[in-house]
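Contents: one structure, followed by commentary.
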Amino acid sequence: MIERNIPFSPPDITEEEISEVKDTLSSGWITTGPKTKALEKKLAEYVGVKKAVCLNSATAAMELSLRILGIGPGDEVITSAYTYTASASVIHHVGAKIVLVDTAPNSFEMDYYKLKDAITEKTKVIIPVDIAGVMCDYNKIISIVNEKKYLFKANNSKQKSIGRVAILADAAHSLGALHKGKRSGQFADISCFSFHAVKNLTTAEGGAVVWTNTFGMTDEEFYKEFMLYSLHGQSKDAFSKTQKGAWEYDIIYLGYKTNMTDVLAAIGLVQLKRYDDLLIKRQNIIKIYEKFIDKKLIDTIKHTGSDFKSSGHLLLCNLIDFTLEERNKVIFEMASRGISTNVHYKPLPLFSAYKALGFNIDDYPQAYKKYVNEISLPLYSTLSEDEIIYIATSLNEVVNNIKSRGIN
Ligand SMILES: *Cc1c(COP(=O)(O)O)cnc(C)c1O
């Protein structure tokens with residue numbers, strides 16, 4: 001038997017990315033400059049919006065968005081209990097109160113009824129999470145915030161211009177996903193993408209923000225806000241300062257330091273050029289998985305439907321009627337067959353830091369139910385058909401064995 005070693009999510013880097021990085025390294029300009037600007041332009045075109053801002057992570061993109069909207073102490077921001085910590089930690093970082101909403105029964109998405117109930121007169125922003133690259137129902141979320149408009153209290157001119165709770169999509173997984181014919185980034189007021197090493201499109205570390213609403217400003221002005229917040233509130237970036245005689249700058253406010261570098265943007269430029277092909281590969285892999293996974297034992301998240309197509313980021317599976325111990329045993333058995341798997345996500349109220357903030361998993365029964373028997377399978381563009389079949393059939397066998405013989 002061949003010794004297998006299948007990683008969970010290695011990056012797909014070709015000679016083309018390497019050569020673009022080399023080109024940047026030898027160009028004389030390695031931090032934010034022409035390549036970052038080119039990536040912003042190409043991304044905005046790809047998403048179908050006017051402008052994009054590239055930053056050093058999706059986390060930075062979300063935090064700066066909250067800061068630019070003037071969110072802080074006394075405000076509440078709602079997100080899902082079933083997500084990565086970054087969706088919620090940014091709320092805490094700006095000084096606002098984290099409000100977590102449970103998932104809908106048998107779903108990885110926030111429960112929209114509970115979301116509506118969670119909106120109070122302190123709510124300023126909702127952060128929906130496009131989990132696994134499947135977009136949330138943004139039309140529904142927009143109608144919910146419009147219904148509860150009467151509660152909204154604006155604290156500044158940007159909030160006044162929108163006149164309702166703002167929608168800030170955690171689109172870390174969903175670049176390229178479609179919903180009712182529109183791409184991720186075209187629904188929410190602001191959407192944040194991640195280019196972390198395990199994401200669909202990577203720059204090693206990186207992220208971007210796009211918007212459909214400029215909160216009473218022009219696109220140019222809103223873009224400028226992100227430039228200032230991401231680079232020390234400095235009126236000129238380092239590249240502009242290299243222009244002849246243009247040394248002088250002002251510090252308009254005490255900003256942050258979250259800009260993208262040209263070395264990393266170079267990777268992103270090539271990844272974006274290859275992205276349509278990468279997405280097709282992901283959807284094909286999902287189709288093969290769906291063909292081989294035993295549906296009597298295992299539920300898999302739906303990546304396509306009549307009016308949507310995901311970005312195929314993660315293959316979330318639920319092992320039907322399995323306990324937490326049985327699920328963990330499956331992960332162990334898969335690892336001994338050379339297959340790395342993962343869990344997305346351990347609900348936030350189960351972590352020490354969230355317990356210390358007062359969250360209790362008993363208040364999130366649906367999220368807990370999805371978590372206990374969840375397992376995520378390897379899903380990436382360089383996975384071969386032979387490997388996919390090996391993973392799927394191994395999972396069927398392991399699950400069947402535990403079902404018939406128990407975990408001992
Ligand atoms: C990866 C991820 C993030 C954070 O992205 P970074 O670019 O690493 O900051 C946020 N939310 C979700 C759901 C993620 O998976």
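If you're wondering about the labels, chains in the structure tokens are A, B, ... by order shown, residues count from 1 in each chain, ligands from 1 in order shown.
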Can you list, as a JSON list (two decimals) with C-alpha atoms, in the first residue's frame, every protein, DNA or RNA residue that comes within 9 Å of range 177-194 of chain A when you count only C-alpha atoms, leaving out same-chain residues fewer than 4 positions away?
```
[["chain", "number", "residue", "atom", "x", "y", "z"],
["A", 46, "TYR", "CA", -13.36, 41.02, -10.80],
["A", 47, "VAL", "CA", -15.85, 41.65, -7.99],
["A", 48, "GLY", "CA", -17.80, 44.15, -10.10],
["A", 49, "VAL", "CA", -17.44, 47.20, -7.87],
["A", 56, "ASN", "CA", -2.52, 42.93, 5.21],
["A", 57, "SER", "CA", -5.48, 40.74, 6.30],
["A", 58, "ALA", "CA", -9.25, 40.38, 6.32],
["A", 59, "THR", "CA", -9.09, 40.99, 10.05],
["A", 61, "ALA", "CA", -10.10, 45.09, 6.72],
["A", 62, "MET", "CA", -12.97, 44.41, 9.14],
["A", 65, "SER", "CA", -14.21, 49.27, 8.45],
["A", 130, "ASP", "CA", -20.11, 33.50, 4.12],
["A", 133, "GLY", "CA", -17.75, 30.21, 0.47],
["A", 134, "VAL", "CA", -21.56, 29.92, 0.47],
["A", 135, "MET", "CA", -23.00, 33.42, 0.56],
["A", 136, "CYS", "CA", -25.52, 34.43, 3.19],
["A", 137, "ASP", "CA", -28.98, 35.63, 2.17],
["A", 138, "TYR", "CA", -28.10, 39.32, 1.96],
["A", 139, "ASN", "CA", -31.49, 40.34, 0.57],
["A", 142, "ILE", "CA", -31.11, 43.95, 4.24],
["A", 166, "ALA", "CA", -24.75, 48.59, 8.32],
["A", 167, "ILE", "CA", -23.90, 45.19, 6.82],
["A", 168, "LEU", "CA", -20.22, 44.28, 6.87],
["A", 169, "ALA", "CA", -19.71, 40.90, 5.21],
["A", 170, "ASP", "CA", -17.03, 38.56, 6.51],
["A", 171, "ALA", "CA", -16.38, 37.37, 2.97],
["A", 172, "ALA", "CA", -13.04, 35.77, 3.94],
["A", 173, "HIS", "CA", -14.18, 32.56, 2.19],
["A", 199, "LYS", "CA", -7.78, 30.69, 1.47],
["A", 200, "ASN", "CA", -8.92, 30.19, -2.15],
["A", 201, "LEU", "CA", -6.75, 33.03, -3.44],
["A", 202, "THR", "CA", -3.62, 33.70, -1.45],
["A", 205, "GLU", "CA", -1.10, 37.01, 4.25],
["A", 206, "GLY", "CA", -3.45, 39.65, 2.94],
["A", 207, "GLY", "CA", -6.97, 40.87, 2.55],
["A", 208, "ALA", "CA", -9.12, 43.36, 0.73],
["A", 209, "VAL", "CA", -12.18, 45.48, 1.30],
["A", 210, "VAL", "CA", -14.83, 46.51, -1.22],
["A", 211, "TRP", "CA", -18.10, 48.43, -0.80],
["A", 212, "THR", "CA", -21.42, 49.22, -2.40],
["A", 213, "ASN", "CA", -22.17, 52.11, -0.04],
["A", 214, "THR", "CA", -19.91, 55.09, 0.56],
["A", 215, "PHE", "CA", -21.73, 56.44, 3.65],
["A", 306, "SER", "CA", -30.71, 27.05, -8.56],
["A", 307, "ASP", "CA", -29.77, 30.61, -7.58],
["A", 308, "PHE", "CA", -26.31, 30.31, -6.06],
["A", 309, "LYS", "CA", -22.84, 28.92, -6.56],
["A", 310, "SER", "CA", -20.25, 29.06, -3.80],
["A", 311, "SER", "CA", -16.53, 29.70, -4.13],
["A", 312, "GLY", "CA", -16.02, 26.07, -3.04]]
```
Go through range 97-167 of chain A residue by residue and, counting only C-alpha atoms, keep those with an atom at most 12 Å from range 335-350 of chain A; for each kept residue give the shortest atom pair and its distance in Å to one decimal, ordered by chain and increasing number, as JSON lines.
```
{"residue": "A:Ile98", "atom": "CA", "partner": "A:Leu348", "partner_atom": "CA", "distance": 11.0}
{"residue": "A:Val99", "atom": "CA", "partner": "A:Pro349", "partner_atom": "CA", "distance": 11.0}
{"residue": "A:Leu100", "atom": "CA", "partner": "A:Leu348", "partner_atom": "CA", "distance": 8.5}
{"residue": "A:Val101", "atom": "CA", "partner": "A:Leu348", "partner_atom": "CA", "distance": 10.6}
{"residue": "A:Asp102", "atom": "CA", "partner": "A:Pro347", "partner_atom": "CA", "distance": 9.3}
{"residue": "A:Thr103", "atom": "CA", "partner": "A:Pro347", "partner_atom": "CA", "distance": 10.0}
{"residue": "A:Phe108", "atom": "CA", "partner": "A:Tyr345", "partner_atom": "CA", "distance": 9.4}
{"residue": "A:Glu109", "atom": "CA", "partner": "A:Tyr345", "partner_atom": "CA", "distance": 11.8}
{"residue": "A:Met110", "atom": "CA", "partner": "A:Pro347", "partner_atom": "CA", "distance": 12.0}
{"residue": "A:Val129", "atom": "CA", "partner": "A:Tyr345", "partner_atom": "CA", "distance": 12.0}
{"residue": "A:Ile131", "atom": "CA", "partner": "A:His344", "partner_atom": "CA", "distance": 9.0}
{"residue": "A:Ala132", "atom": "CA", "partner": "A:His344", "partner_atom": "CA", "distance": 8.8}
```
For Val90 in chain A, the nearest of the candidates A:Ala197, A:Pro34, A:Ile251, A:Val125, counting only C-alpha atoms: A:Val125
Residues near Gly233 in chain A, cut-off 6 Å, only C-alpha atoms, skip fewer than 3 positions along chain, as a list of chain:residue names: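 Everything that qualifies: A:Leu228, A:Tyr229, A:Ile251, A:Ile252, A:Tyr253, A:Leu254, A:Gly255.
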Export, as a JSON list (two decimals), in the first residue's frame, the selected residues with C-alpha atoms.
```
[["chain", "number", "residue", "atom", "x", "y", "z"],
["A", 228, "LEU", "CA", -5.22, 57.00, 5.92],
["A", 229, "TYR", "CA", -6.40, 54.45, 8.50],
["A", 251, "ILE", "CA", -0.42, 63.21, 9.99],
["A", 252, "ILE", "CA", -4.16, 63.77, 9.88],
["A", 253, "TYR", "CA", -4.98, 61.37, 12.70],
["A", 254, "LEU", "CA", -3.27, 58.56, 14.59],
["A", 255, "GLY", "CA", -3.87, 55.74, 12.16]]
```
Residues of range 244-298 of chain A in alpha helix (DSSP H), written as a PyMOL selection string: chain A and resi 262-292
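Summary of the local environment: counting only C-alpha atoms, residues at most 8 Å from Glu17 in chain A, other than itself and those fewer than 6 positions away along its chain, are Ala266, Ile267, Val270 and Gln271 of chain A.
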d(CA of Tyr380 in chain A, CA of Leu43 in chain A) in Å: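 Between CA of Tyr380 in chain A and CA of Leu43 in chain A the gap works out to 21.1 Å.
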